[in-house]
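See structure below.
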Amino acid sequence: MAHLTPKENLLRALNHQIPEWVPWGYEGFANIVAPDGLGFDMSAPLAAEFTDMFGVPMVMEWNSGPIPKPDVFILEDISKWRDIIKRPAVLDNIDWEFCSTRDLAKRDPELIKFCMGTLGNGYFMNLTYFMGFTNALIACVEEPEEVKALLNFLLEMNLEIGKKLLYYYKPDVMTMGDDIAHELRPFVSEAMFLDIFEPMWRANVALFKEAGIPAQHHNCGAFAPFVPFIVDMGFDAWDPAQPTYNDLPAIKAQFGDKLLICGGFENNGFVSWPDTTEEQIRAEVRKSMDTLAPGGGYAFGGRVMGSADDEVATTRSAWIRDEYELNKDKYYK
């Protein structure tokens with residue numbers, strides 16, 4: 001018989017202990033804590049088009065939320081960033097005590113309180129939001145010092161906000177996303193990563209780790225080459241850990257209880273194909289859990305990508321969750 005709540009069980013796994021059952025890796029993701037303007041209100045839909053705090057035009061993408069409006073870049077020349085990228089006014093207009101009292105009163109105490117470690121997006125992603133992928137990558141090659149100056153400007157604000165979040169919101173977990181890989185390999189070389197982006201990630205996560213807060217890193221795609229670096233930085237967990245693009249058993253064997261693999265289920269590909277059967281999807285859930293759950297260090301998470309009104313996606317996501325529930329208790333006795 002389980003004695004822990006789902007929140008306690010996931011926090012145990014995030015703190016590198018063996019849980020009572022395989023946690024659901026997204027247990028607290030509806031319980032983000034941040035004042036207005038610094039985090040999306042998960043209970044309210046976003047407008048179809050809006051402008052983010054830095055002035056980037058955003059549109060809603062059908063299955064993954066807000067993305068920059070295609071082919072509209074606010075920064076064309078990295079050397080001009082000081083003229084374009086300004087400190088968001090919202091940072092100087094927050095009543096932290098009022099917001100935290102109001103926001104925490106609305107939060108379910110049985111869900112994990114988690115906060116974003118960065119202002120909306122990570123360092124690589126914010127750079128691409130400002131410039132687009134092509135211009136951002138060219139800037140990293142041609143003018144890395146200007147890129148680093150811009151990212152340090154963001155880092156200073158992230159650390160400022162992080163200290164406020166720690167004091168007023170007292171989060172259970174910090175999460176930082178910075179999708180720096182696609183399905184074949186990372187967008188940048190290891191040398192470029194270590195020179196430009198690794199110092200930003202390391203300084204950002206250190207603030208929360210020094211406060212005793214577990215840290216989770218989000219990176220889609222073939223992120224395996226950079227996993228050793230996030231472990232060394234102090235990140236405790238990585239999601240979504242897509243098995244098609246990463247050798248998850250090898251990563252688990254290498255890092256053991258130093259890294260919680262969250263997800264481990266491929267939500268792209270065959271699970272969304274029209275002719276995939278319910279049993280094939282359920283078998284894939286069992287395969288993921290049988291491969292990664294033994295010995296701990298794993299929190300299952302999976303769904304079929306699609307909008308809330310996509311009946312095929314929601315039905316298949318329900319099969320995935322149900323099969324997880326049927327199997328979650330068989331690994332730790």
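If you're wondering about the labels, chains in the structure tokens are A, B, ... by order shown, residues count from 1 in each chain, ligands from 1 in order shown.
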
Contacts of Lys330 (chain A) at 9 Å (only C-alpha atoms; same-chain gap of 3+ positions) as number ranges by chain: A: 21-22, 326-327, 333

Output C-alpha atoms for every residue in that selection, as a compact mmCIF listing (two decimals), in the first residue's frame.
```txt
# COMPACT_ATOMS: atom_id res chain seq x y z
CA TRP A 21 5.95 3.65 -7.52
CA VAL A 22 7.03 4.99 -10.90
CA LEU A 326 -1.80 -0.39 -14.61
CA ASN A 327 1.97 -0.90 -14.41
CA LYS A 333 8.56 -3.47 -3.55
```

Just the residues within 12 Å of Asp195 (chain A), please, counting only C-alpha atoms, with nothing from its chain fewer than 2 positions along; format it as a PyMOL selection string. chain A and resi 140-141+144-145+147-148+151+188-193+197-202

With C-alpha atoms retained, export the selected residues as a tab-separated table (two decimals), in the first residue's frame.
```
chain	number	residue	atom	x	y	z
A	140	CYS	CA	27.23	32.61	-32.67
A	141	VAL	CA	29.91	31.90	-35.29
A	144	PRO	CA	30.24	35.20	-30.18
A	145	GLU	CA	31.27	37.96	-27.78
A	147	VAL	CA	26.03	36.93	-28.25
A	148	LYS	CA	27.55	36.33	-24.82
A	151	LEU	CA	22.92	36.37	-22.90
A	188	VAL	CA	25.58	23.85	-31.95
A	189	SER	CA	28.93	22.11	-31.55
A	190	GLU	CA	30.22	21.04	-28.16
A	191	ALA	CA	32.87	23.77	-28.32
A	192	MET	CA	30.28	26.45	-29.07
A	193	PHE	CA	28.01	25.13	-26.34
A	197	PHE	CA	25.64	28.56	-23.46
A	198	GLU	CA	27.04	26.29	-20.74
A	199	PRO	CA	28.14	29.17	-18.49
A	200	MET	CA	24.63	30.66	-18.64
A	201	TRP	CA	22.95	27.39	-17.73
A	202	ARG	CA	25.46	26.71	-14.95
```

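One distance worth recording is that between CA of Val72 (chain A) and CA of Thr51 (chain A), which is 11.7 Å.
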
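Each of A:Met125, A:Leu248, A:Ile196, A:Leu111 was compared to Glu266 (chain A) using only C-alpha atoms, and A:Leu248 turns out to be the nearest.
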
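Nearest to Arg321 (chain A) of all the residues A:Gly302, A:Pro6, A:Pro240, A:Pro294 is A:Gly302, based on only C-alpha atoms.
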
Polymer residues at most 10 Å from Ala149 (chain A), only C-alpha atoms, same-chain spacing of 6 or more positions, as a PyMOL selection string: chain A and resi 78-79+81-82+155+196

So which bits of region 90-262 of chain A end up helix (DSSP H, G or I) when you DSSP the backbone, as a ChimeraX atom specification? /A:90-92,96-106,123-131,133-142,144-169,190-210,224-233,248-258

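Ranking A:Val271, A:Met53, A:Leu259, A:Met131 by their shortest atom-to-atom distance to Lys80 (chain A), with only C-alpha atoms included, puts A:Met131 first.
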
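Considering only C-alpha atoms, the residue among A:Ala237, A:Gly25, A:Ala253, A:Asn158 positioned nearest to Phe265 (chain A) is A:Gly25.
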
Give me, as a VMD selection string, the residues of region 22-153 of chain A that a backbone DSSP run labels strand (DSSP E). chain A and resid 49 to 51 57 to 61 65 to 68 114 to 116
